[in-house]
file run-v9.cif (mmCIF, C-alpha atoms)
data_structure
#
loop_
_atom_site.label_atom_id
_atom_site.label_comp_id
_atom_site.auth_asym_id
_atom_site.auth_seq_id
_atom_site.Cartn_x
_atom_site.Cartn_y
_atom_site.Cartn_z
CA MET A 80 24.81 -20.70 -5.19
CA THR A 81 27.27 -21.70 -2.60
CA ASP A 82 30.03 -24.29 -2.87
CA GLU A 83 29.76 -24.87 0.82
CA ILE A 84 29.20 -28.48 1.71
CA THR A 85 25.77 -28.60 3.23
CA THR A 86 24.35 -31.31 5.37
CA GLU A 87 21.21 -32.93 4.12
CA MET A 88 17.99 -31.72 5.67
CA ALA A 89 16.11 -34.35 7.65
CA CYS A 90 12.32 -34.61 7.50
CA LYS A 91 12.07 -33.72 11.18
CA GLU A 92 13.82 -30.43 10.47
CA LEU A 93 11.80 -29.71 7.35
CA VAL A 94 8.49 -29.71 9.20
CA GLU A 95 9.89 -27.07 11.57
CA VAL A 96 11.23 -24.70 8.92
CA ILE A 97 8.36 -25.00 6.45
CA THR A 98 6.70 -21.77 7.61
CA ASP A 99 9.94 -19.84 7.17
CA TYR A 100 10.22 -21.45 3.73
CA LEU A 101 6.70 -20.44 2.72
CA GLU A 102 7.17 -16.96 4.21
CA GLY A 103 10.36 -16.51 2.21
CA THR A 104 12.39 -15.92 5.35
CA LEU A 105 14.42 -19.11 5.31
CA PRO A 106 18.13 -18.31 4.83
CA GLU A 107 19.41 -19.10 1.32
CA ARG A 108 21.53 -22.02 2.47
CA ASP A 109 18.60 -23.72 4.18
CA ARG A 110 16.32 -22.96 1.28
CA VAL A 111 18.68 -24.86 -0.98
CA ARG A 112 18.75 -27.77 1.48
CA PHE A 113 14.93 -27.65 1.67
CA ASP A 114 14.53 -27.73 -2.11
CA ALA A 115 17.08 -30.51 -2.45
CA HIS A 116 15.29 -32.54 0.19
CA ILE A 117 11.82 -32.39 -1.31
CA LEU A 118 13.25 -33.36 -4.67
CA THR A 119 13.94 -36.82 -3.34
CA CYS A 120 11.57 -37.20 -0.39
CA GLU A 121 8.02 -38.17 -1.33
CA PRO A 122 6.52 -37.88 2.19
CA CYS A 123 7.94 -34.37 2.60
CA ARG A 124 6.58 -33.32 -0.79
CA GLU A 125 3.23 -34.59 0.44
CA TYR A 126 3.72 -32.65 3.69
CA VAL A 127 4.42 -29.41 1.82
CA GLU A 128 1.31 -29.96 -0.31
CA GLU A 129 -0.76 -30.64 2.80
CA MET A 130 0.45 -27.43 4.34
CA ARG A 131 -0.45 -25.51 1.18
CA ALA A 132 -3.85 -27.21 1.14
CA THR A 133 -4.34 -26.21 4.78
CA LEU A 134 -3.62 -22.57 3.91
CA ARG A 135 -5.94 -22.68 0.93
CA LEU A 136 -8.77 -24.16 3.01
CA THR A 137 -8.19 -21.71 5.87
CA GLY A 138 -8.45 -18.88 3.35
CA ARG A 139 -11.93 -20.09 2.46
CA LEU A 140 -13.31 -19.87 5.99
CA THR A 141 -15.95 -17.20 6.12
CA VAL A 142 -15.70 -14.40 8.60
CA GLU A 143 -18.31 -13.02 10.92
CA SER A 144 -18.90 -9.34 11.05
CA ILE A 145 -21.13 -7.01 13.03
CA SER A 146 -24.90 -7.14 12.61
CA ALA A 147 -26.65 -5.04 9.98
CA SER A 148 -28.53 -3.12 12.68
CA LYS A 149 -25.33 -2.17 14.49
CA ARG A 150 -23.80 -1.14 11.16
CA GLU A 151 -26.80 1.05 10.43
CA GLY A 152 -26.60 2.59 13.91
CA LEU A 153 -22.98 3.51 13.34
CA LEU A 154 -23.73 5.15 10.01
CA ARG A 155 -26.51 7.17 11.71
CA ALA A 156 -24.05 8.27 14.38
CA PHE A 157 -21.61 9.28 11.67
CA ARG A 158 -24.29 11.38 9.94
CA ARG A 159 -25.24 13.06 13.22
CA MET A 160 -21.60 13.84 13.88
CA LYS A 161 -21.26 15.40 10.46
CA ALA A 162 -24.44 17.43 10.91
CA SER A 163 -23.33 18.79 14.27
CA SER A 164 -19.87 19.76 13.05
CA THR A 165 -21.03 21.73 10.05
CA MET B 268 1.92 1.16 -3.61
CA GLY B 269 2.52 4.84 -3.14
CA SER B 270 3.78 6.15 0.14
CA VAL B 271 5.01 9.51 1.26
CA LEU B 272 7.77 9.86 3.73
CA ASN B 273 6.61 12.47 6.13
CA GLY B 274 9.42 13.25 8.53
CA GLN B 275 9.90 10.01 10.44
CA THR B 276 6.44 8.95 9.52
CA LEU B 277 5.48 6.75 6.67
CA VAL B 278 1.91 7.46 5.73
CA ARG B 279 0.20 5.50 3.04
CA ASP B 280 -1.50 7.60 0.46
CA SER B 281 -4.59 5.46 0.67
CA ASP B 282 -4.76 5.90 4.45
CA ALA B 283 -4.24 9.65 4.23
CA GLU B 284 -6.97 9.87 1.64
CA LEU B 285 -9.31 7.75 3.72
CA ILE B 286 -8.81 9.95 6.77
CA ASP B 287 -9.43 13.08 4.68
CA ARG B 288 -12.65 11.61 3.41
CA LEU B 289 -13.78 10.71 6.94
CA ARG B 290 -13.00 14.19 8.18
CA THR B 291 -15.11 15.72 5.46
CA GLY B 292 -17.99 13.47 6.45
CA ASP B 293 -17.87 11.03 3.54
CA GLU B 294 -20.30 8.36 4.67
CA ALA B 295 -19.34 5.88 1.95
CA ALA B 296 -15.75 6.00 3.20
CA PHE B 297 -16.91 5.24 6.74
CA ALA B 298 -19.19 2.42 5.56
CA GLY B 299 -16.32 0.94 3.55
CA MET B 300 -14.09 1.08 6.60
CA ILE B 301 -16.69 -0.66 8.75
CA ASP B 302 -17.11 -3.38 6.15
CA THR B 303 -13.38 -3.92 5.76
CA TYR B 304 -12.34 -3.93 9.37
CA SER B 305 -15.25 -5.09 11.52
CA ALA B 306 -14.51 -8.78 11.02
CA PRO B 307 -10.83 -8.65 12.06
CA LEU B 308 -11.71 -6.28 14.90
CA LEU B 309 -14.31 -8.76 16.11
CA ARG B 310 -11.68 -11.47 15.98
CA LEU B 311 -9.31 -9.41 18.09
CA ALA B 312 -12.04 -8.46 20.58
CA LEU B 313 -12.70 -12.14 21.20
CA ALA B 314 -9.14 -12.46 22.42
CA PHE B 315 -10.16 -10.30 25.39
CA VAL B 316 -13.81 -10.87 26.10
CA GLN B 317 -15.60 -14.15 26.19
CA SER B 318 -18.99 -13.59 24.71
CA PRO B 319 -19.53 -12.79 21.04
CA SER B 320 -22.21 -10.25 21.94
CA ILE B 321 -19.82 -8.32 24.18
CA ALA B 322 -17.15 -8.52 21.50
CA GLU B 323 -19.62 -6.96 19.10
CA GLU B 324 -20.26 -4.16 21.58
CA VAL B 325 -16.53 -3.59 21.87
CA VAL B 326 -16.30 -3.27 18.09
CA GLN B 327 -19.24 -0.89 18.10
CA GLU B 328 -17.59 1.26 20.78
CA THR B 329 -14.41 1.25 18.71
CA TRP B 330 -16.28 2.65 15.73
CA MET B 331 -17.92 5.28 17.91
CA ALA B 332 -14.45 6.28 19.10
CA VAL B 333 -13.43 6.62 15.47
CA VAL B 334 -16.47 8.80 14.72
CA THR B 335 -15.68 11.14 17.58
CA GLY B 336 -11.90 10.93 17.42
CA ILE B 337 -11.07 11.07 13.74
CA GLY B 338 -9.60 14.53 14.24
CA ARG B 339 -7.03 13.05 16.58
CA PHE B 340 -5.59 10.59 14.11
CA GLU B 341 -2.03 11.72 13.55
CA GLY B 342 -0.94 9.35 10.85
CA ARG B 343 1.94 7.97 12.88
CA SER B 344 0.71 4.48 12.24
CA SER B 345 -1.49 2.91 9.62
CA VAL B 346 -5.24 3.25 10.02
CA LYS B 347 -5.35 -0.48 10.71
CA THR B 348 -2.89 -0.24 13.59
CA TRP B 349 -4.69 2.79 14.95
CA LEU B 350 -8.01 0.91 14.92
CA PHE B 351 -6.48 -2.08 16.65
CA LYS B 352 -5.01 0.15 19.39
CA ILE B 353 -8.38 1.76 20.05
CA LEU B 354 -10.08 -1.61 20.15
CA THR B 355 -7.42 -3.11 22.40
CA ASN B 356 -7.87 -0.33 24.96
CA ILE B 357 -11.63 -0.64 24.96
CA ALA B 358 -11.50 -4.43 25.11
CA LYS B 359 -9.04 -4.42 28.00
CA THR B 360 -11.26 -2.12 30.04
CA ARG B 361 -14.21 -4.31 29.26
CA ALA B 362 -12.29 -7.47 30.16
CA GLN B 363 -11.32 -6.00 33.52
CA ARG B 364 -14.96 -5.24 34.21
CA GLU B 365 -15.74 -8.85 33.38
CA ARG B 366 -12.83 -9.90 35.58
CA ARG B 367 -11.44 -11.89 32.77
CA THR B 368 -7.71 -12.27 32.75
CA ILE B 369 -6.22 -10.28 29.96
CA PRO B 370 -4.51 -12.75 27.70
CA PHE B 371 -1.56 -10.62 26.82
CA SER B 372 0.89 -12.99 28.37
CA GLU B 373 -0.40 -15.46 25.80
CA PHE B 374 1.05 -13.31 23.08
CA GLU B 375 4.44 -14.07 24.45
CA VAL B 376 5.59 -17.08 22.61
CA GLY B 377 7.32 -18.66 25.55
CA ASN B 378 10.04 -21.24 25.49
CA THR B 379 7.89 -24.29 25.47
CA ASP B 380 8.88 -26.57 22.71
CA GLU B 381 5.95 -27.47 20.54
CA PRO B 382 6.91 -29.80 17.71
CA ALA B 383 4.99 -29.35 14.46
CA VAL B 384 4.62 -33.11 14.17
CA ASP B 385 4.60 -35.80 16.85
CA PRO B 386 8.29 -36.84 17.19
CA GLY B 387 7.11 -40.46 17.24
CA ARG B 388 6.33 -40.16 13.53
CA PHE B 389 10.03 -39.99 12.73
CA LEU B 390 12.76 -42.62 12.86
CA PRO B 391 15.23 -42.09 15.71
CA ALA B 392 18.26 -39.84 15.27
CA THR B 393 20.37 -42.96 15.72
CA HIS B 394 18.86 -44.75 12.74
CA PRO B 395 21.79 -45.99 10.61
CA GLN B 396 20.31 -45.05 7.26
CA TRP B 397 17.44 -42.61 7.70
CA PRO B 398 17.90 -40.66 10.93
CA ASN B 399 15.00 -38.27 11.65
CA HIS B 400 13.15 -39.25 8.49
CA TRP B 401 9.48 -40.17 8.32
CA ALA B 402 8.88 -43.61 9.78
CA ALA B 403 5.90 -44.17 7.47
CA PRO B 404 4.68 -42.48 4.29
CA LEU B 405 1.98 -39.83 4.51
CA GLN B 406 -1.46 -40.59 3.15
CA PRO B 407 -2.61 -38.18 0.47
CA TRP B 408 -5.73 -36.22 1.44
CA SER B 409 -9.04 -36.66 -0.33
CA ILE B 410 -10.30 -33.14 -0.53
CA GLY B 411 -13.86 -32.91 -1.79
CA PRO B 412 -14.60 -30.55 -4.70
CA GLU B 413 -15.76 -27.09 -3.61
CA GLY B 414 -19.39 -26.80 -2.67
CA THR B 415 -19.93 -30.50 -1.90
CA ALA B 416 -21.10 -31.76 1.48
CA LEU B 417 -17.67 -33.24 2.05
CA ASP B 418 -16.04 -29.90 1.37
CA ARG B 419 -18.38 -28.13 3.79
CA GLU B 420 -17.66 -30.73 6.44
CA THR B 421 -13.91 -30.23 5.97
CA LEU B 422 -14.28 -26.48 6.40
CA GLU B 423 -16.36 -27.05 9.54
CA VAL B 424 -13.65 -29.28 10.99
CA LEU B 425 -11.07 -26.62 10.17
CA ARG B 426 -13.16 -23.81 11.65
CA SER B 427 -13.49 -25.62 14.93
CA ALA B 428 -9.78 -26.48 14.93
CA LEU B 429 -9.00 -22.79 14.49
CA GLN B 430 -11.33 -21.90 17.36
CA ASN B 431 -9.51 -24.40 19.55
CA LEU B 432 -6.01 -23.06 18.92
CA PRO B 433 -4.35 -21.25 21.78
CA ARG B 434 -5.54 -17.65 21.57
CA ALA B 435 -2.37 -16.03 20.28
CA GLN B 436 -1.95 -18.68 17.58
CA GLN B 437 -5.60 -18.39 16.66
CA LEU B 438 -5.37 -14.64 16.30
CA VAL B 439 -2.22 -14.70 14.18
CA VAL B 440 -3.44 -17.52 11.92
CA ALA B 441 -6.85 -15.89 11.52
CA LEU B 442 -5.43 -12.50 10.58
CA ARG B 443 -2.83 -13.97 8.25
CA ASP B 444 -4.67 -16.85 6.62
CA VAL B 445 -8.38 -16.07 6.99
CA HIS B 446 -8.27 -12.29 6.65
CA GLY B 447 -5.21 -12.35 4.39
CA TRP B 448 -3.19 -9.67 6.18
CA PRO B 449 0.53 -9.41 5.44
CA ALA B 450 2.95 -10.31 8.22
CA ALA B 451 4.08 -6.74 8.82
CA GLU B 452 0.55 -5.54 9.51
CA VAL B 453 -0.15 -8.36 11.93
CA CYS B 454 3.09 -7.56 13.78
CA ALA B 455 2.16 -3.89 14.00
CA ALA B 456 -1.42 -4.50 15.07
CA LEU B 457 -0.55 -7.05 17.75
CA ASP B 458 2.75 -5.50 18.75
CA LEU B 459 4.63 -8.69 17.96
CA SER B 460 8.17 -9.11 16.69
CA GLU B 461 8.46 -10.69 13.26
CA ALA B 462 10.12 -13.74 14.75
CA ASN B 463 7.36 -14.27 17.31
CA GLN B 464 4.68 -13.73 14.71
CA ARG B 465 6.28 -16.47 12.63
CA VAL B 466 6.55 -18.87 15.56
CA LEU B 467 2.87 -18.39 16.39
CA LEU B 468 1.92 -18.76 12.74
CA HIS B 469 4.03 -21.89 12.42
CA ARG B 470 2.60 -23.55 15.50
CA GLY B 471 -0.95 -22.63 14.59
CA ARG B 472 -0.70 -23.77 10.97
CA SER B 473 1.07 -26.97 11.98
CA ARG B 474 -1.72 -27.81 14.42
CA LEU B 475 -4.38 -27.14 11.79
CA ARG B 476 -2.57 -29.39 9.32
CA GLY B 477 -2.39 -32.05 12.02
CA VAL B 478 -6.14 -31.84 12.65
CA LEU B 479 -6.88 -32.10 8.93
CA GLU B 480 -4.50 -35.02 8.55
CA HIS B 481 -6.31 -36.83 11.33
CA TYR B 482 -9.67 -35.96 9.80
CA PHE B 483 -8.73 -37.18 6.33
CA ALA B 484 -7.24 -40.36 7.79
CA GLU B 485 -10.46 -41.19 9.61
CA ALA B 486 -11.96 -40.20 6.62
CA PRO B 487 -14.97 -39.71 4.73
CA THR B 488 -14.63 -41.18 1.30
CA LEU B 489 -16.42 -39.86 -1.71
CA PRO B 490 -19.50 -41.78 -2.79
CA SER B 491 -18.54 -43.19 -6.17
CA PRO B 492 -14.91 -43.27 -7.08
CA ALA B 493 -15.80 -44.50 -10.53
CA SER B 494 -17.85 -41.49 -11.56
CA GLU B 495 -16.19 -38.47 -13.06
CA GLY B 496 -18.46 -36.19 -11.10
CA GLY B 497 -17.07 -37.39 -7.81
CA LYS B 498 -13.58 -36.40 -8.77
CA VAL B 499 -11.19 -36.40 -5.90
CA CYS B 500 -8.24 -34.16 -5.89
CA ASN B 501 -5.59 -35.05 -3.43
CA ALA B 502 -3.30 -32.48 -1.92
CA GLN B 503 -0.59 -33.46 -4.35
CA SER B 504 -2.57 -32.22 -7.30
CA ILE B 505 -3.03 -28.81 -5.82
CA SER B 506 -0.37 -27.07 -7.74
CA ASP B 507 2.34 -24.85 -6.38
CA THR B 508 0.41 -21.96 -7.77
CA THR B 509 -2.30 -22.21 -5.14
CA GLN B 510 -0.65 -19.38 -3.24
CA ARG B 511 -3.67 -17.45 -2.18
CA SER B 512 -4.37 -14.24 -3.95
CA ARG B 513 -6.58 -12.20 -1.72
#
call {"tool": "encode", "arguments": {"input": "run-v9.cif", "output": "structure tokens"}}
result
Amino acid sequence: MTDEITTEMACKELVEVITDYLEGTLPERDRVRFDAHILTCEPCREYVEEMRATLRLTGRLTVESISASKREGLLRAFRRMKASST
Amino acid sequence: MGSVLNGQTLVRDSDAELIDRLRTGDEAAFAGMIDTYSAPLLRLALAFVQSPSIAEEVVQETWMAVVTGIGRFEGRSSVKTWLFKILTNIAKTRAQRERRTIPFSEFEVGNTDEPAVDPGRFLPATHPQWPNHWAAPLQPWSIGPEGTALDRETLEVLRSALQNLPRAQQLVVALRDVHGWPAAEVCAALDLSEANQRVLLHRGRSRLRGVLEHYFAEAPTLPSPASEGGKVCNAQSISDTTQRSR
């Protein structure tokens, strides 16, 4: 911990550094200011939770992949390649 | 995770093993690779070509290049990065044929200021007591329980919001938050600096949150608030431990 006198973080700043905070790349001093801020600021706590909820929901989006027939075609090509190289 | 330092080159054991298996014709290894990487490759291809069917062809060509070129993999990068390079080259050629502008300039973050939240939502910097603080409280979100119609609708809203992000943001957010890649791998695959990757991630995530906020404000409410079955959990109750583990 630092004894340095730190200025309080404003909400407008918090919403810009939240990704650095969640990524663990926010400098120590700012991380302390961030933590101190959300301790007393209800809307910012809500904001942080909303951001976490956004990440959680995004993680649930399903992904599209290639078709089964194309996949099968690739595996056939792989087998042919193996056969011709042995 | 085990790694061997090989001269200047850091090769992951798992990658080295995978390549060995491919070289010896291990079909299960190739199938596993297709299943793991086709989705993110498809995502990247769509950054270059417009139609999903052409993107799929680009991915297919990439895999064919792997089949014929596995002997040329030198282990200077991870398999993932190597795959992305192959795909990028194929996709660029294809995009030129389609006369589509290659969006690489879009990967540059640029200097344009893009606030995470509309500045009008905050009190002015000159406010005597609460400068730059929220002007009004935020409304908690009513997220429907998983599997409900409301939940599916939310995911649909989010999916379309992701599709509508600027391409570079979309790609970074998709790889990080949908596909669950670590930052370092996204940087390597897209040739982005860590700082730029974070800016794109921040802007993209902030926009998605904004879309969801708007959606929940308009919002669908759950049918019967009295019943236990229609339990609503607001964002607040999603604990700090919801860090995704994928």
call {"tool": "interface_residues", "arguments": {"input": "run-v9.cif", "of": "chain B", "to": "chain A", "cutoff": "7 Å", "atoms": "all atoms listed in the file", "output": "list of chain:residue names"}}
result
B:Gly292, B:Ala298, B:Ser305, B:Ala306, B:Leu309, B:Glu323, B:Val334, B:Ala383, B:Phe389, B:Asn399, B:His400, B:Trp401, B:Pro404, B:Leu405, B:Pro407, B:Leu422, B:Arg426, B:Asp444, B:Val445, B:His469, B:Arg476, B:Ala502, B:Gln503, B:Arg511
call {"tool": "write_last_selection", "arguments": {"input": "run-v9.cif", "atoms": "C-alpha atoms", "output": "PDB file, keeping the file's coordinate frame"}}
result
ATOM      1  CA  GLY B 292     -17.990  13.470   6.450  1.00  0.00           C
ATOM      2  CA  ALA B 298     -19.190   2.420   5.560  1.00  0.00           C
ATOM      3  CA  SER B 305     -15.250  -5.090  11.520  1.00  0.00           C
ATOM      4  CA  ALA B 306     -14.510  -8.780  11.020  1.00  0.00           C
ATOM      5  CA  LEU B 309     -14.310  -8.760  16.110  1.00  0.00           C
ATOM      6  CA  GLU B 323     -19.620  -6.960  19.100  1.00  0.00           C
ATOM      7  CA  VAL B 334     -16.470   8.800  14.720  1.00  0.00           C
ATOM      8  CA  ALA B 383       4.990 -29.350  14.460  1.00  0.00           C
ATOM      9  CA  PHE B 389      10.030 -39.990  12.730  1.00  0.00           C
ATOM     10  CA  ASN B 399      15.000 -38.270  11.650  1.00  0.00           C
ATOM     11  CA  HIS B 400      13.150 -39.250   8.490  1.00  0.00           C
ATOM     12  CA  TRP B 401       9.480 -40.170   8.320  1.00  0.00           C
ATOM     13  CA  PRO B 404       4.680 -42.480   4.290  1.00  0.00           C
ATOM     14  CA  LEU B 405       1.980 -39.830   4.510  1.00  0.00           C
ATOM     15  CA  PRO B 407      -2.610 -38.180   0.470  1.00  0.00           C
ATOM     16  CA  LEU B 422     -14.280 -26.480   6.400  1.00  0.00           C
ATOM     17  CA  ARG B 426     -13.160 -23.810  11.650  1.00  0.00           C
ATOM     18  CA  ASP B 444      -4.670 -16.850   6.620  1.00  0.00           C
ATOM     19  CA  VAL B 445      -8.380 -16.070   6.990  1.00  0.00           C
ATOM     20  CA  HIS B 469       4.030 -21.890  12.420  1.00  0.00           C
ATOM     21  CA  ARG B 476      -2.570 -29.390   9.320  1.00  0.00           C
ATOM     22  CA  ALA B 502      -3.300 -32.480  -1.920  1.00  0.00           C
ATOM     23  CA  GLN B 503      -0.590 -33.460  -4.350  1.00  0.00           C
ATOM     24  CA  ARG B 511      -3.670 -17.450  -2.180  1.00  0.00           C
TER      25      ARG B 511
END
call {"tool": "closest_residue", "arguments": {"input": "run-v9.cif", "among": "B:Leu429, B:Ile286, B:Leu442, B:Leu311", "to": "B:Lys352", "atoms": "all atoms listed in the file"}}
result
B:Leu311
call {"tool": "atom_distance", "arguments": {"input": "run-v9.cif", "atom1": "atom CA of B:Thr335", "atom2": "atom CA of B:Gly447"}}
result
28.9 Å
call {"tool": "closest_residue", "arguments": {"input": "run-v9.cif", "among": "B:Ala455, B:Leu467, B:Ala295, B:Ala428", "to": "B:Val440", "atoms": "all atoms listed in the file"}}
result
B:Leu467
call {"tool": "resolve_selection", "arguments": {"input": "run-v9.cif", "expression": "the PyMOL selection byres ((chain B and resi 450) around 12)", "output": "MDAnalysis selection string"}}
result
(chainID A and resid 99 102:104) or (chainID B and resid 439:444 446:449 451:468)
call {"tool": "residues_around", "arguments": {"input": "run-v9.cif", "residues": "stretch 354-361 of chain B", "least_positions_apart": "5", "cutoff": "12 Å", "atoms": "only C-alpha atoms", "output": "ChimeraX atom specification"}}
result
/B:304-305,307-318,321-333,347-349,366-371,456-458
call {"tool": "atom_distance", "arguments": {"input": "run-v9.cif", "atom1": "atom CA of B:Trp408", "atom2": "atom CA of B:Val424"}}
result
14.2 Å
call {"tool": "build_atoms", "arguments": {"input": "run-v9.cif", "residues": "stretch 145-153 of chain A", "atoms": "all heavy atoms", "output": "compact mmCIF listing (two decimals), keeping the file's coordinate frame"}}
result
# COMPACT_ATOMS: atom_id res chain seq x y z
N ILE A 145 -20.11 -7.53 12.13
CA ILE A 145 -21.13 -7.01 13.03
C ILE A 145 -22.50 -7.06 12.35
O ILE A 145 -22.59 -7.14 11.13
CB ILE A 145 -20.81 -5.57 13.50
CG1 ILE A 145 -20.63 -4.63 12.30
CG2 ILE A 145 -19.57 -5.56 14.37
CD1 ILE A 145 -20.51 -3.18 12.70
N SER A 146 -23.55 -7.01 13.16
CA SER A 146 -24.90 -7.14 12.61
C SER A 146 -25.26 -5.92 11.77
O SER A 146 -24.69 -4.83 11.94
CB SER A 146 -25.91 -7.29 13.74
OG SER A 146 -25.96 -6.08 14.48
N ALA A 147 -26.22 -6.13 10.86
CA ALA A 147 -26.65 -5.04 9.98
C ALA A 147 -27.23 -3.89 10.80
O ALA A 147 -27.03 -2.71 10.46
CB ALA A 147 -27.68 -5.57 9.00
N SER A 148 -27.91 -4.20 11.89
CA SER A 148 -28.53 -3.12 12.68
C SER A 148 -27.46 -2.27 13.37
O SER A 148 -27.56 -1.06 13.44
CB SER A 148 -29.52 -3.69 13.69
OG SER A 148 -28.84 -4.49 14.63
N LYS A 149 -26.42 -2.93 13.85
CA LYS A 149 -25.33 -2.17 14.49
C LYS A 149 -24.61 -1.30 13.43
O LYS A 149 -24.24 -0.16 13.68
CB LYS A 149 -24.32 -3.11 15.16
CG LYS A 149 -24.82 -3.65 16.49
CD LYS A 149 -23.66 -3.95 17.42
CE LYS A 149 -24.08 -4.06 18.88
NZ LYS A 149 -25.18 -5.01 19.14
N ARG A 150 -24.44 -1.88 12.25
CA ARG A 150 -23.80 -1.14 11.16
C ARG A 150 -24.61 0.11 10.84
O ARG A 150 -24.07 1.21 10.70
CB ARG A 150 -23.68 -2.05 9.94
CG ARG A 150 -23.00 -1.44 8.74
CD ARG A 150 -22.97 -2.44 7.58
NE ARG A 150 -22.26 -1.95 6.42
CZ ARG A 150 -22.79 -1.14 5.51
NH1 ARG A 150 -24.04 -0.72 5.64
NH2 ARG A 150 -22.07 -0.73 4.48
N GLU A 151 -25.91 -0.08 10.74
CA GLU A 151 -26.80 1.05 10.43
C GLU A 151 -26.73 2.11 11.52
O GLU A 151 -26.67 3.31 11.24
CB GLU A 151 -28.23 0.51 10.24
CG GLU A 151 -29.21 1.47 9.58
CD GLU A 151 -28.60 2.25 8.41
OE1 GLU A 151 -28.01 1.65 7.49
OE2 GLU A 151 -28.69 3.49 8.45
N GLY A 152 -26.70 1.66 12.77
CA GLY A 152 -26.60 2.59 13.91
C GLY A 152 -25.33 3.43 13.85
O GLY A 152 -25.34 4.63 14.15
N LEU A 153 -24.25 2.79 13.44
CA LEU A 153 -22.98 3.51 13.34
C LEU A 153 -23.02 4.56 12.23
O LEU A 153 -22.51 5.67 12.39
CB LEU A 153 -21.84 2.51 13.08
CG LEU A 153 -21.46 1.63 14.28
CD1 LEU A 153 -20.57 0.48 13.85
CD2 LEU A 153 -20.77 2.47 15.36
